[in-house]
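What follows is the content of model.tsv, which has TSV, C-alpha atoms:
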```
chain	number	residue	atom	x	y	z
A	1	MET	CA	-12.44	31.42	-32.18
A	2	THR	CA	-15.45	33.48	-33.25
A	3	PRO	CA	-15.14	36.91	-31.64
A	4	THR	CA	-17.05	37.00	-28.39
A	5	SER	CA	-19.55	39.73	-27.71
A	6	ARG	CA	-17.90	42.58	-25.86
A	7	LEU	CA	-18.94	44.80	-23.01
A	8	PRO	CA	-19.28	48.53	-23.64
A	9	GLU	CA	-15.86	50.13	-23.86
A	10	GLY	CA	-14.46	51.09	-20.47
A	11	THR	CA	-16.46	48.45	-18.60
A	12	ASP	CA	-14.47	46.05	-16.42
A	13	ARG	CA	-15.44	42.48	-17.24
A	14	ARG	CA	-14.57	41.44	-13.71
A	15	ARG	CA	-17.48	43.49	-12.36
A	16	GLN	CA	-20.18	41.26	-13.78
A	17	PRO	CA	-23.56	41.33	-12.02
A	18	ALA	CA	-23.40	38.72	-9.29
A	19	SER	CA	-26.82	37.37	-10.28
A	20	ARG	CA	-25.51	36.18	-13.66
A	21	LEU	CA	-22.93	33.90	-12.07
A	22	ALA	CA	-24.48	33.12	-8.69
A	23	GLY	CA	-25.81	29.78	-9.94
A	24	LEU	CA	-22.27	28.52	-10.52
A	25	ASP	CA	-21.61	28.73	-6.77
A	26	LEU	CA	-24.22	26.01	-6.25
A	27	LEU	CA	-22.25	23.51	-8.33
A	28	ALA	CA	-20.15	20.80	-6.72
A	29	CYS	CA	-17.55	20.94	-9.47
A	30	ALA	CA	-14.96	23.71	-9.74
A	31	VAL	CA	-15.67	26.22	-12.53
A	32	VAL	CA	-13.20	28.81	-13.85
A	33	LEU	CA	-13.88	31.38	-16.59
A	34	LEU	CA	-10.99	32.76	-18.63
A	35	ASP	CA	-10.83	35.60	-21.13
A	36	ASP	CA	-9.00	35.27	-24.46
A	37	GLN	CA	-5.74	36.26	-22.75
A	38	GLY	CA	-6.00	33.54	-20.13
A	39	HIS	CA	-6.92	35.93	-17.33
A	40	THR	CA	-9.38	34.71	-14.71
A	41	THR	CA	-12.72	36.50	-14.95
A	42	PHE	CA	-14.55	34.29	-12.43
A	43	LEU	CA	-14.20	31.16	-10.31
A	44	ASN	CA	-16.93	29.64	-8.18
A	45	GLN	CA	-16.73	28.66	-4.52
A	46	ALA	CA	-15.85	25.05	-5.34
A	47	ALA	CA	-12.90	26.27	-7.42
A	48	GLU	CA	-11.72	28.55	-4.62
A	49	GLN	CA	-11.71	25.54	-2.27
A	50	LEU	CA	-10.17	23.13	-4.76
A	51	PHE	CA	-7.28	25.38	-5.79
A	52	GLU	CA	-7.07	27.27	-2.47
A	53	LEU	CA	-7.25	30.54	-4.41
A	54	PRO	CA	-9.57	33.32	-3.15
A	55	GLN	CA	-11.34	35.05	-6.02
A	56	ARG	CA	-10.18	38.47	-4.84
A	57	VAL	CA	-6.58	37.28	-5.32
A	58	ILE	CA	-6.83	35.37	-8.60
A	59	GLU	CA	-9.42	37.51	-10.42
A	60	GLY	CA	-7.73	39.24	-13.37
A	61	ALA	CA	-4.53	37.19	-12.99
A	62	ALA	CA	-3.29	34.56	-15.46
A	63	PHE	CA	-4.83	31.30	-14.26
A	64	ALA	CA	-2.17	29.09	-15.87
A	65	ARG	CA	0.56	30.87	-13.88
A	66	GLN	CA	-0.79	29.38	-10.66
A	67	PHE	CA	0.66	26.01	-11.68
A	68	SER	CA	4.22	24.99	-12.46
A	69	ASN	CA	2.90	23.05	-15.47
A	70	GLY	CA	0.35	25.69	-16.45
A	71	GLY	CA	1.23	25.16	-20.10
A	72	ILE	CA	-1.57	22.58	-20.09
A	73	ILE	CA	-4.06	25.40	-19.52
A	74	ASP	CA	-2.36	27.64	-22.09
A	75	SER	CA	-2.59	24.85	-24.68
A	76	LEU	CA	-6.33	24.42	-24.07
A	77	LEU	CA	-6.85	28.17	-24.46
A	78	ALA	CA	-4.78	28.29	-27.67
A	79	GLU	CA	-6.73	25.38	-29.17
A	80	ALA	CA	-10.00	27.06	-28.23
A	81	CYS	CA	-8.91	30.33	-29.85
A	82	ASN	CA	-8.06	28.39	-33.02
A	83	ASN	CA	-11.50	26.75	-33.07
A	84	ALA	CA	-9.91	23.33	-32.55
A	85	PHE	CA	-12.86	22.20	-30.41
A	86	GLY	CA	-16.16	23.30	-28.99
A	87	GLN	CA	-15.87	21.08	-25.95
A	88	LYS	CA	-12.98	18.92	-24.83
A	89	ARG	CA	-12.50	16.49	-21.94
A	90	GLN	CA	-9.26	15.18	-20.53
A	91	ASP	CA	-7.64	14.00	-17.31
A	92	ILE	CA	-4.78	16.22	-16.20
A	93	THR	CA	-2.53	16.62	-13.16
A	94	LEU	CA	-1.86	20.18	-12.04
A	95	HIS	CA	1.28	20.86	-10.00
A	96	ARG	CA	1.14	23.60	-7.38
A	97	ILE	CA	4.26	24.87	-5.67
A	98	GLY	CA	4.41	23.66	-2.08
A	99	ARG	CA	1.31	21.47	-2.43
A	100	GLU	CA	0.43	17.97	-3.51
A	101	PRO	CA	-0.23	17.44	-7.24
A	102	LEU	CA	-3.91	17.71	-8.08
A	103	ALA	CA	-5.37	15.03	-10.38
A	104	VAL	CA	-8.54	16.32	-12.04
A	105	HIS	CA	-10.92	15.59	-14.88
A	106	CYS	CA	-11.15	18.78	-16.93
A	107	VAL	CA	-13.96	19.80	-19.28
A	108	ALA	CA	-13.08	22.80	-21.48
A	109	VAL	CA	-16.00	24.59	-23.18
A	110	VAL	CA	-15.63	27.42	-25.70
A	111	LEU	CA	-17.87	30.36	-24.80
A	112	GLU	CA	-19.51	32.94	-27.02
A	113	SER	CA	-20.23	35.31	-24.19
A	114	ASP	CA	-19.08	38.52	-22.58
A	115	LEU	CA	-18.46	36.48	-19.43
A	116	GLY	CA	-15.34	34.91	-20.87
A	117	SER	CA	-13.83	33.00	-23.77
A	118	LEU	CA	-13.26	29.61	-22.13
A	119	LEU	CA	-15.04	27.78	-19.34
A	120	LEU	CA	-13.01	25.16	-17.46
A	121	GLU	CA	-14.79	22.66	-15.26
A	122	PHE	CA	-12.65	20.62	-12.88
A	123	ARG	CA	-13.60	17.59	-10.83
A	124	GLU	CA	-11.13	15.73	-8.66
A	125	ILE	CA	-10.62	12.24	-10.03
A	126	ASP	CA	-10.62	10.84	-6.50
A	127	GLN	CA	-13.98	12.52	-5.91
A	128	ARG	CA	-15.41	11.05	-9.12
A	129	ILE	CA	-14.26	7.58	-8.07
A	130	ARG	CA	-15.77	8.12	-4.61
A	131	ILE	CA	-19.13	9.17	-6.04
A	132	ASP	CA	-19.19	6.11	-8.31
A	133	ARG	CA	-18.28	3.88	-5.36
A	134	GLU	CA	-21.00	5.45	-3.21
A	135	SER	CA	-23.61	4.91	-5.91
A	136	ARG	CA	-22.65	1.25	-6.25
A	137	MET	CA	-22.68	0.77	-2.49
A	138	VAL	CA	-26.08	2.43	-2.04
A	139	GLU	CA	-27.59	0.25	-4.77
A	140	SER	CA	-25.97	-2.92	-3.42
A	141	VAL	CA	-27.17	-2.22	0.12
A	142	ARG	CA	-30.66	-1.48	-1.18
A	143	VAL	CA	-30.83	-4.72	-3.17
A	144	ASN	CA	-29.39	-6.83	-0.34
A	145	ARG	CA	-31.73	-5.25	2.19
A	146	GLU	CA	-34.77	-6.08	0.06
A	147	LEU	CA	-33.51	-9.62	-0.49
A	148	VAL	CA	-32.98	-10.21	3.23
A	149	ARG	CA	-36.35	-8.68	4.06
A	150	ASN	CA	-38.14	-11.07	1.70
A	151	LEU	CA	-36.09	-13.99	2.99
A	152	ALA	CA	-36.93	-13.10	6.60
A	153	HIS	CA	-40.63	-13.10	5.79
A	154	GLU	CA	-40.29	-16.55	4.21
A	155	ILE	CA	-38.48	-17.90	7.28
A	156	LYS	CA	-40.81	-16.36	9.87
A	157	ASN	CA	-43.91	-18.49	9.26
A	158	PRO	CA	-42.33	-21.98	9.20
A	159	LEU	CA	-40.18	-20.99	12.18
A	160	GLY	CA	-43.31	-20.43	14.28
A	161	GLY	CA	-44.59	-23.82	13.19
A	162	ILE	CA	-41.35	-25.54	14.19
A	163	ARG	CA	-41.45	-23.96	17.65
A	164	GLY	CA	-45.09	-24.87	18.14
A	165	ALA	CA	-44.49	-28.47	17.09
A	166	ALA	CA	-41.53	-28.73	19.49
A	167	GLN	CA	-43.71	-27.48	22.37
A	168	LEU	CA	-46.40	-30.06	21.60
A	169	LEU	CA	-43.77	-32.78	21.40
A	170	GLU	CA	-42.34	-31.67	24.74
A	171	SER	CA	-45.71	-32.03	26.41
A	172	GLU	CA	-45.95	-35.60	25.06
A	173	VAL	CA	-42.50	-36.77	26.20
A	174	GLY	CA	-43.02	-35.39	29.71
A	175	GLY	CA	-40.02	-36.02	31.94
A	176	SER	CA	-38.28	-38.13	29.34
A	177	SER	CA	-34.65	-37.50	28.49
A	178	LEU	CA	-35.94	-36.48	25.05
A	179	ARG	CA	-37.12	-33.23	26.64
A	180	GLU	CA	-33.53	-32.00	26.37
A	181	TYR	CA	-33.77	-32.17	22.58
A	182	THR	CA	-37.11	-30.37	22.41
A	183	GLN	CA	-35.61	-27.59	24.52
A	184	VAL	CA	-32.76	-27.26	22.01
A	185	ILE	CA	-35.29	-26.92	19.19
A	186	ILE	CA	-37.32	-24.29	21.08
A	187	LYS	CA	-34.29	-22.23	22.10
A	188	GLU	CA	-32.81	-22.27	18.59
A	189	ALA	CA	-36.20	-21.33	17.12
A	190	ASP	CA	-36.35	-18.40	19.57
A	191	ARG	CA	-32.83	-17.33	18.61
A	192	LEU	CA	-33.70	-17.40	14.92
A	193	GLN	CA	-36.96	-15.54	15.63
A	194	THR	CA	-34.94	-12.75	17.31
A	195	LEU	CA	-32.65	-12.60	14.30
A	196	VAL	CA	-35.60	-12.39	11.89
A	197	ASP	CA	-37.22	-9.67	14.01
A	198	ARG	CA	-34.03	-7.60	13.80
A	199	LEU	CA	-33.92	-8.04	10.04
A	200	LEU	CA	-37.50	-6.79	9.76
A	201	ALA	CA	-37.21	-4.04	12.39
A	202	PRO	CA	-36.57	-1.10	9.98
A	203	HIS	CA	-39.70	-1.96	7.98
A	204	ARG	CA	-42.13	-2.67	10.80
A	205	HIS	CA	-42.45	0.58	12.66
A	206	PRO	CA	-43.45	3.94	11.17
A	207	ARG	CA	-40.90	6.70	11.52
A	208	LEU	CA	-41.58	9.18	14.32
A	209	VAL	CA	-40.45	12.42	12.75
A	210	GLY	CA	-39.72	15.44	14.90
A	211	ASP	CA	-37.06	18.06	15.56
A	212	VAL	CA	-33.67	16.44	16.21
A	213	ASN	CA	-30.64	17.96	17.91
A	214	ILE	CA	-27.78	15.74	16.79
A	215	HIS	CA	-25.72	16.53	19.88
A	216	GLU	CA	-28.51	15.24	22.14
A	217	VAL	CA	-28.38	12.04	20.07
A	218	LEU	CA	-24.62	11.76	20.51
A	219	GLU	CA	-24.73	12.46	24.23
A	220	ARG	CA	-27.35	9.74	24.72
A	221	VAL	CA	-25.13	7.29	22.85
A	222	ARG	CA	-22.09	8.37	24.84
A	223	SER	CA	-23.84	7.81	28.16
A	224	VAL	CA	-25.06	4.33	27.14
A	225	VAL	CA	-21.69	3.08	25.88
A	226	THR	CA	-19.78	4.66	28.78
A	227	ALA	CA	-22.04	2.76	31.18
A	228	GLU	CA	-21.33	-0.49	29.29
A	229	TYR	CA	-17.55	0.11	29.37
A	230	PRO	CA	-16.86	2.16	32.53
A	231	GLN	CA	-13.12	1.49	32.49
A	232	GLY	CA	-10.57	1.55	29.69
A	233	LEU	CA	-12.74	3.31	27.10
A	234	ALA	CA	-12.56	7.07	26.45
A	235	ILE	CA	-15.21	8.77	24.29
A	236	ASP	CA	-14.17	12.29	23.27
A	237	ARG	CA	-16.33	14.92	21.54
A	238	ASP	CA	-15.58	17.69	19.08
A	239	TYR	CA	-18.91	19.33	18.26
A	240	ASP	CA	-19.85	22.26	16.06
A	241	ALA	CA	-22.30	24.12	18.31
A	242	SER	CA	-23.71	26.07	15.34
A	243	LEU	CA	-25.36	23.01	13.77
A	244	PRO	CA	-29.11	23.53	13.37
A	245	ASP	CA	-31.83	21.11	14.43
A	246	PHE	CA	-33.41	19.12	11.62
A	247	ARG	CA	-36.43	16.89	11.04
A	248	GLY	CA	-35.89	13.20	11.61
A	249	ASP	CA	-36.60	10.12	13.71
A	250	LYS	CA	-34.55	10.63	16.86
A	251	GLU	CA	-34.78	7.01	18.04
A	252	GLN	CA	-33.62	5.68	14.67
A	253	LEU	CA	-30.64	8.02	14.66
A	254	ILE	CA	-29.75	7.09	18.25
A	255	GLN	CA	-29.79	3.43	17.24
A	256	ALA	CA	-27.69	4.09	14.12
A	257	VAL	CA	-24.97	5.99	16.00
A	258	LEU	CA	-25.13	3.57	18.93
A	259	ASN	CA	-24.45	0.68	16.57
A	260	LEU	CA	-21.38	2.47	15.21
A	261	VAL	CA	-19.98	3.44	18.61
A	262	ARG	CA	-20.74	0.08	20.21
A	263	ASN	CA	-19.18	-1.69	17.22
A	264	ALA	CA	-16.00	0.36	17.73
A	265	ALA	CA	-15.94	-0.39	21.46
A	266	GLN	CA	-16.37	-4.11	20.86
A	267	ALA	CA	-13.62	-4.12	18.22
A	268	MET	CA	-11.26	-2.62	20.82
A	269	HIS	CA	-12.52	-4.97	23.59
A	270	GLY	CA	-13.55	-1.96	25.64
A	271	HIS	CA	-10.07	-0.40	25.75
A	272	GLY	CA	-9.20	2.53	23.50
A	273	ARG	CA	-10.37	5.94	22.38
A	274	ILE	CA	-13.39	6.94	20.32
A	275	LEU	CA	-13.86	10.45	18.93
A	276	MET	CA	-17.25	11.82	17.82
A	277	THR	CA	-17.13	14.98	15.70
A	278	THR	CA	-19.78	17.09	13.97
A	279	ARG	CA	-19.32	19.68	11.24
A	280	ILE	CA	-21.25	21.30	8.40
A	281	ALA	CA	-20.40	20.00	4.90
A	282	ARG	CA	-21.28	22.11	1.86
A	283	GLN	CA	-22.22	21.05	-1.67
A	284	VAL	CA	-22.48	17.34	-0.86
A	285	THR	CA	-23.60	14.60	-3.23
A	286	VAL	CA	-25.47	11.64	-1.72
A	287	ASP	CA	-26.87	8.93	-4.01
A	288	LYS	CA	-26.43	11.25	-7.03
A	289	VAL	CA	-28.47	14.03	-5.39
A	290	ARG	CA	-26.76	17.35	-4.66
A	291	TYR	CA	-27.38	19.08	-1.32
A	292	ARG	CA	-26.29	22.57	-0.35
A	293	LEU	CA	-25.70	21.64	3.30
A	294	ALA	CA	-25.24	18.37	5.17
A	295	LEU	CA	-24.39	17.17	8.64
A	296	ASP	CA	-20.90	15.66	8.59
A	297	LEU	CA	-20.64	13.31	11.58
A	298	HIS	CA	-17.60	11.12	12.28
A	299	VAL	CA	-17.11	8.22	14.71
A	300	ILE	CA	-13.37	7.57	14.82
A	301	ASP	CA	-11.61	4.88	16.85
A	302	ASP	CA	-8.00	3.80	17.27
A	303	GLY	CA	-8.74	0.08	17.16
A	304	PRO	CA	-7.37	-2.67	14.91
A	305	GLY	CA	-9.43	-1.64	11.88
A	306	VAL	CA	-11.91	-3.53	9.73
A	307	PRO	CA	-10.48	-6.78	8.31
A	308	GLU	CA	-9.44	-6.15	4.72
A	309	GLU	CA	-11.31	-9.17	3.36
A	310	ILE	CA	-14.70	-7.73	4.42
A	311	ARG	CA	-13.95	-4.00	4.11
A	312	ASP	CA	-16.08	-3.62	0.98
A	313	ARG	CA	-18.96	-5.66	2.44
A	314	ILE	CA	-19.34	-4.45	6.02
A	315	PHE	CA	-22.79	-2.92	5.39
A	316	TYR	CA	-24.15	-6.13	3.90
A	317	PRO	CA	-26.46	-8.19	6.13
A	318	LEU	CA	-24.86	-11.03	8.15
A	319	VAL	CA	-21.28	-9.88	7.43
A	320	SER	CA	-19.28	-9.49	10.63
A	321	GLY	CA	-15.59	-9.16	11.45
A	322	ARG	CA	-16.15	-10.15	15.07
A	323	GLU	CA	-16.54	-13.68	16.33
A	324	GLY	CA	-20.08	-14.12	17.59
A	325	GLY	CA	-21.30	-10.97	15.85
A	326	SER	CA	-24.68	-11.07	14.11
A	327	GLY	CA	-23.57	-8.89	11.19
A	328	LEU	CA	-26.70	-6.73	11.50
A	329	GLY	CA	-25.53	-3.68	13.47
A	330	LEU	CA	-23.94	-1.82	10.56
A	331	THR	CA	-26.68	-2.94	8.17
A	332	LEU	CA	-29.36	-1.45	10.42
A	333	ALA	CA	-27.31	1.74	10.94
A	334	GLN	CA	-26.98	2.20	7.17
A	335	THR	CA	-30.70	1.50	6.71
A	336	PHE	CA	-31.77	4.08	9.30
A	337	VAL	CA	-29.43	6.74	7.88
A	338	GLN	CA	-30.55	6.05	4.30
A	339	GLN	CA	-34.16	6.45	5.43
A	340	HIS	CA	-33.14	10.03	6.34
A	341	GLY	CA	-31.70	10.56	2.85
A	342	GLY	CA	-28.13	10.11	4.09
A	343	LEU	CA	-25.27	7.68	3.83
A	344	ILE	CA	-22.60	6.04	6.01
A	345	GLU	CA	-19.06	5.69	4.64
A	346	CYS	CA	-16.12	3.86	6.17
A	347	ASP	CA	-12.39	4.49	5.88
A	348	SER	CA	-10.39	1.97	7.87
A	349	ARG	CA	-6.80	1.02	8.48
A	350	PRO	CA	-5.03	-0.43	11.53
A	351	GLY	CA	-5.02	2.21	14.26
A	352	ARG	CA	-7.77	4.36	12.76
A	353	THR	CA	-11.30	3.54	11.63
A	354	ASP	CA	-13.52	6.43	10.57
A	355	PHE	CA	-17.27	5.94	10.08
A	356	ARG	CA	-18.71	9.05	8.45
A	357	ILE	CA	-22.43	9.86	8.46
A	358	LEU	CA	-23.67	12.41	5.92
A	359	LEU	CA	-27.20	13.68	6.52
A	360	PRO	CA	-28.75	16.33	4.25
A	361	LEU	CA	-29.90	19.48	6.05
A	362	PRO	CA	-32.65	21.87	4.95
```
Please re-express this file's structure in structure tokens.
Amino acid sequence: MTPTSRLPEGTDRRRQPASRLAGLDLLACAVVLLDDQGHTTFLNQAAEQLFELPQRVIEGAAFARQFSNGGIIDSLLAEACNNAFGQKRQDITLHRIGREPLAVHCVAVVLESDLGSLLLEFREIDQRIRIDRESRMVESVRVNRELVRNLAHEIKNPLGGIRGAAQLLESEVGGSSLREYTQVIIKEADRLQTLVDRLLAPHRHPRLVGDVNIHEVLERVRSVVTAEYPQGLAIDRDYDASLPDFRGDKEQLIQAVLNLVRNAAQAMHGHGRILMTTRIARQVTVDKVRYRLALDLHVIDDGPGVPEEIRDRIFYPLVSGREGGSGLGLTLAQTFVQQHGGLIECDSRPGRTDFRILLPLP
């Protein structure tokens, strides 16, 4: 390795000006800086969380020694010192005593700086897969929503004509037994009109943006669903009272959360337990955009879970796991949340279904 520039003699490298490294704390990925002896000169907040190592403890210590298979890190450092690479990527699994193995994608970058000799960037492989899955889901939902919207517009006009023609025909047949058939046509046309209106609902009305307290939203939803299921259903809360208000459409968010909670109650036939929790999430990626803070809202039930055959499609229009369901509740919830820059995720198995809403905060 080309000799790195050195600090003045007697200066402790670990006391670097915070401003030079502060930007690394904004990154979602874990970043660790090592000197040419493998000692840790810096790790950002994401690295502290990932490795569960406070900087005050690990700073100046041999980073590789924190893992039972730390030879992987030593090998990367040795190769870097021998100019074997400028940048190297590889998937590795780090073993920590008393903890689960940690599978990460590692990017090693040789530095020519007084900040360190080697920069290691770590990203959990599971997290990378999740981000890719989120991106695909967001794009699929967006495409399907636009397709259904256009289809609904195409259906709406001829549907009105069919209903009108059935009414005229009914007036001609009078008290004839054929009136029964015209009534079927009118009622089915009305049912389809209601369906089309629901498909177009997110695009028809302008958003009414104002200050939103998410706990007021959740309490409204709780009171509505509790009234619908007064016996057999328990709705518990675990709120973070420090959450700030944010700008949004309160009615849209009420409808989004109501659809999730009502969907859970219906899946359990009105008997079971639902938990609503709120927390602050930091350094969150939504649709490939990084946010410093986000609302982390969970609606968790102990019902039978989402059927496996539709688990990857539950946010698509007209997909329902419940007999008689329209398949629009989750689609509309996802649409309203996405219009706030957020995303709904689902993790489901028998006995526990967790719908997670992530909403960026200012």
TODO: One decimal, Å: what's the distance from CA of Leu258 (chain A) over to CA of Ala294 (chain A), could you say?
DONE: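 Going from CA of Leu258 (chain A) over to CA of Ala294 (chain A) covers 20.2 Å.
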Open item on the list: Please list, as a count of residues only, the residues that have an atom at most 10 Å away from (-4.2, 37.1, -17.0) in the coordinates of this file, counting all atoms listed in the file.
Closed with: 16
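The residue that comes closest to Met276 (chain A), out of A:Asn259, A:Val289, A:Val212, A:Phe355 and on the basis of only C-alpha atoms, is A:Phe355.
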Task: CA of Leu115 (chain A) to CA of Arg282 (chain A), distance in Å rounded to a single decimal - done: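 Between CA of Leu115 (chain A) and CA of Arg282 (chain A) the gap is 25.8 Å.
For the atom pair formed by CA of Arg349 (chain A) and CA of Met268 (chain A), the distance is 13.6 Å, given to one decimal.
Proximity to Ser113 (chain A) was assessed for A:Ala234, A:His269, A:Arg20, A:Leu330 counting all atoms listed in the file; the smallest distance is recorded for A:Arg20.
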Open item on the list: Neighbouring residues of region 298-306 of chain A were defined as those with any atom within 7 Å, considering all atoms listed in the file; residues of the same chain fewer than 5 positions away were excluded. Please report them as a list in words.
Closed with: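 After dropping sequence-adjacent residues, the list is Val261, Ala264, Ala267, Met268, Gly272, Arg273, Ile274, Leu275, Met276, Thr277, Thr278, Arg311, Gly321, Ser348, Arg349, Pro350, Gly351, Arg352, Thr353, Asp354, Phe355, Arg356 and Ile357 of chain A.
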TODO: Return the single residue from A:Glu124, A:Glu251, A:Val209, A:Asn83 that is closest to Gln49 (chain A), with distances computed using all atoms listed in the file.
DONE: A:Glu124
Task: Proximity to Ile162 (chain A) - best of A:Ile280, A:Leu178, A:Leu192, A:Ile73, all atoms listed in the file - done: A:Leu192
TODO: For Asp190 (chain A), list every protein, DNA or RNA residue within 10 Å, evaluated using only C-alpha atoms, and leave out those in the same chain fewer than 5 positions away; present the list as a ChimeraX atom specification.
DONE: /A:159-160,163,184-185,195-196
TODO: May I ask which of the residues A:Gly270, A:Gln55, A:Ile344, A:Leu111 is the closest one to Pro230 (chain A), counting only C-alpha atoms?
DONE: A:Gly270
